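Here's the structure we're looking at; comments come further down.
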Amino acid sequence: MIPDWLILSEEVTIALRERRPVVALESTIIAHGLPWPTNFETAKQAENAIRYEGAVPATIAIWHGKPTIGLTTAQIEELAKSDDVLKASRRDLGAVVGLKKLAATTVSATMALAHMAGISVFATGGIGGAHREPIFDISADLTELARTPVLVVCAGAKSILDLPRTLELLETFGVPVIGYRSDAFPAFYVQRSQGRVSVRVETPSEAAAIFRSHVQMGGGGAVLSQPCPSELAVPAEQFDKALGEAELDAAAEGISGARLTPYLLARLAELTDGRTLAANRALYLNNAKLAAQVVVASDE
Ligand code: PSU
Ligand code: MN
């Protein structure tokens, strides 16, 4: 049963009732991850990519206190344009709903709401994880993956993070990292990290089969990773240099907590003349398409 406080669009309600494939999308990438108007264009393109594969997109946010599954184009545009949208991770859901706020949901909060609505596949750009030293900051995306049975399709974890630590935490939490046609754990804008996925697949239906078995045996979430398309991936040396500078800027400006990831992403876009932005867009659309293929394959 879907709880009555959860608002589902008519299209999503019908699709779920008829057991048609549905893919969840988050809204932090729209409100805080990408700048206007790239955010709005990319959000619409992600939805179109999902439809093209025969699935229904469900973009999720907290709309003035109402957890909403399946935003309208006008709502997506408002999130994309507005400067005062809150960023809600798992711990913030009670606060933004209780106080009737407008909030974008991160991977952790989107997973939680998607699961409550009965949606089990979700596409994003890159998940959060453990930040690099000396910062102590571990994304709630990891703990949500540990407990909520949703498959998160992504280009690995963000390249701004400590990826070996992030992978170790995923293993500790019992989260399978399924590599789509690649053994390497991708690094978001950068094609690959030194880390390895826990299992590799060649087809969407293999990924669906692993996820189904994982959940059957009491598992929580899983990651399905695919590298950024090679034409647009940022070379590792260029990325590392820009990140070094962005980290110094963040420290100098005293940026921490929920503001850190959006700050670093925006600063990196400036420092790379928009290369990280083009990579983010391409990898996100690629993930939306793969997520739809997996959910379509799960029904077969
Ligand atoms: N993927 C992107 N851009 C983003 C995000 C993911 O391509 O902005 C967001 C997701 O919502 C993810 C969040 O949950 O970044 C991580 O934030 P934090 O590190 O504060 O947990
Ligand atoms: Mn954090």
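Letters for chains follow the order of the structure tokens (A, B, ...), residue numbers begin at 1 for each chain, and ligand numbers begin at 1 in the order shown.
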| query | Could you name the residues that touch region 35-37 of chain A at 12 Å or less, counting only C-alpha atoms, but leaving out those on the same chain fewer than 3 positions away, as a ChimeraX atom specification? | reply | /A:28-32,40-44,76-83,262-263,265-267,269-270,274,276-278,280-281
| query | Would you name the residues within 7 Å of ligand 1, counting only C-alpha atoms and all ligand atoms, and put them as a VMD selection string? | reply | chain A and resid 26 to 29 32 to 34 105 to 108 124 to 129 139 to 141 257 to 262 280 284
Taking N, CA and C atoms for each residue, export the selection above as a CSV table (one decimal), in the first residue's frame.
```
chain,number,residue,atom,x,y,z
A,26,GLU,N,16.1,12.0,-9.2
A,26,GLU,CA,16.2,12.9,-8.0
A,26,GLU,C,16.1,14.4,-8.4
A,27,SER,N,16.1,15.3,-7.5
A,27,SER,CA,15.9,16.7,-7.8
A,27,SER,C,17.1,17.6,-7.3
A,28,THR,N,18.0,17.0,-6.5
A,28,THR,CA,19.1,17.8,-6.0
A,28,THR,C,20.0,18.2,-7.2
A,29,ILE,N,20.1,17.2,-8.1
A,29,ILE,CA,20.9,17.5,-9.4
A,29,ILE,C,20.4,18.7,-10.1
A,32,HIS,N,20.6,21.9,-7.2
A,32,HIS,CA,21.9,22.3,-6.6
A,32,HIS,C,23.1,21.7,-7.4
A,33,GLY,N,22.9,20.8,-8.3
A,33,GLY,CA,24.0,20.1,-9.0
A,33,GLY,C,24.4,20.8,-10.3
A,34,LEU,N,23.4,21.3,-11.0
A,34,LEU,CA,23.7,21.9,-12.3
A,34,LEU,C,23.2,23.3,-12.4
A,105,THR,N,15.4,16.6,-3.3
A,105,THR,CA,15.9,15.4,-2.6
A,105,THR,C,17.2,14.8,-3.2
A,106,THR,N,18.1,14.5,-2.3
A,106,THR,CA,19.3,13.9,-2.7
A,106,THR,C,19.1,12.4,-3.0
A,107,VAL,N,20.2,11.7,-3.3
A,107,VAL,CA,20.0,10.2,-3.6
A,107,VAL,C,19.4,9.5,-2.4
A,108,SER,N,19.9,9.8,-1.2
A,108,SER,CA,19.3,9.1,0.0
A,108,SER,C,17.8,9.3,0.2
A,124,THR,N,20.8,8.5,-11.4
A,124,THR,CA,21.4,9.8,-11.0
A,124,THR,C,22.8,9.9,-11.7
A,125,GLY,N,23.5,11.0,-11.4
A,125,GLY,CA,24.8,11.2,-12.0
A,125,GLY,C,25.8,10.4,-11.2
A,126,GLY,N,26.2,10.9,-10.0
A,126,GLY,CA,27.1,10.1,-9.2
A,126,GLY,C,26.7,10.2,-7.8
A,127,ILE,N,26.8,9.1,-7.1
A,127,ILE,CA,26.4,9.0,-5.7
A,127,ILE,C,27.3,9.8,-4.8
A,128,GLY,N,26.9,10.2,-3.6
A,128,GLY,CA,27.8,10.8,-2.6
A,128,GLY,C,28.6,9.6,-2.0
A,129,GLY,N,29.5,10.0,-1.1
A,129,GLY,CA,30.4,9.0,-0.5
A,129,GLY,C,31.2,9.6,0.6
A,139,SER,N,28.5,10.8,3.0
A,139,SER,CA,27.2,11.0,2.5
A,139,SER,C,26.2,10.0,3.1
A,140,ALA,N,25.0,10.5,3.4
A,140,ALA,CA,23.9,9.6,3.8
A,140,ALA,C,23.4,8.7,2.6
A,141,ASP,N,23.9,9.0,1.4
A,141,ASP,CA,23.6,8.1,0.3
A,141,ASP,C,24.1,6.6,0.6
A,257,GLY,N,29.5,20.7,5.2
A,257,GLY,CA,28.2,20.1,5.3
A,257,GLY,C,27.5,20.0,4.0
A,258,ALA,N,26.2,20.2,3.9
A,258,ALA,CA,25.4,20.0,2.7
A,258,ALA,C,25.9,20.9,1.6
A,259,ARG,N,26.5,22.0,1.9
A,259,ARG,CA,26.9,23.0,0.9
A,259,ARG,C,28.2,22.6,0.2
A,260,LEU,N,28.9,21.6,0.7
A,260,LEU,CA,30.2,21.3,0.2
A,260,LEU,C,30.1,20.7,-1.2
A,261,THR,N,29.3,19.7,-1.4
A,261,THR,CA,29.3,19.1,-2.8
A,261,THR,C,28.8,20.1,-3.8
A,262,PRO,N,27.7,20.8,-3.6
A,262,PRO,CA,27.3,21.8,-4.7
A,262,PRO,C,28.3,22.8,-4.9
A,280,ASN,N,28.9,15.9,-16.9
A,280,ASN,CA,27.8,15.6,-16.0
A,280,ASN,C,26.5,15.3,-16.7
A,284,TYR,N,24.8,11.6,-17.0
A,284,TYR,CA,23.4,11.5,-16.4
A,284,TYR,C,22.4,11.0,-17.4
```
| field | Which of A:Leu86, A:Ala74, A:Ala61, A:Ala236 sits closest to Gln194 (chain A) [using only C-alpha atoms] | value |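 Checking each candidate against Gln194 (chain A), we get A:Ala236 as the closest.
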| Near-Ser193 (chain A) list (12 Å; only C-alpha atoms; drop same-chain fewer than 2 positions) as a ChimeraX atom specification | /A:155-167,182-191,195-197,225-228,235-236
| said: Please compute the CA of Ala123 (chain A)-CA of Gly218 (chain A) distance, one decimal, in Å. | reply: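 Computing it gives 22.1 Å between the two atoms.
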| From A:Ile135, A:Val150, A:Met217, A:Ala104, residue lying nearest Leu248 (chain A) [only C-alpha atoms] |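 Checking each of A:Ile135, A:Val150, A:Met217, A:Ala104 against Leu248 (chain A), counting only C-alpha atoms, the winner is A:Ile135.
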| request: Mind the document's chain letters and residue numbers, and return as a ChimeraX atom specification the residues of region 50-299 of chain A that DSSP labels alpha helix (DSSP H). | output: /A:50-52,73-81,93-98,107-117,140-147,163-172,204-216,236-252,260-271,275-298
| request: One decimal, Å: what's the distance from CA of Ile178 (chain A) over to CA of Glu18 (chain A), could you say? | output: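 For CA of Ile178 (chain A) relative to CA of Glu18 (chain A), the distance reads 28.6 Å.
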| field | A:Val56, A:Ala130, A:Leu232, A:Val175 ranked by distance to ligand 2, top pick (using only C-alpha atoms and all ligand atoms) | value |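 Nearest candidate to ligand 2 out of A:Val56, A:Ala130, A:Leu232, A:Val175: A:Ala130.
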| task | Go through A:Met111, A:Leu224, A:Ile255, A:Ile69 one by one, measure the shortest atom-to-atom distance of each to ligand 2 using only C-alpha atoms and all ligand atoms, and give the residue with the smallest value. | result |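 Smallest distance to ligand 2 is found for A:Ile255.
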| request: Could you tell me how far CA of Leu290 (chain A) lies from CA of Thr73 (chain A), in Å and to one decimal? | output: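 Straight-line distance from CA of Leu290 (chain A) to CA of Thr73 (chain A) works out to 22.1 Å.
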| Contacts of Ala46 (chain A) at 9 Å (only C-alpha atoms; same-chain gap of 5+ positions) as a ChimeraX atom specification | /A:25,41,51,57,284-289
| task | Return the single residue from A:Phe122, A:Trp5, A:Trp63, A:Phe136 that is closest to ligand 2, with distances computed using only C-alpha atoms and all ligand atoms. | result | A:Phe136
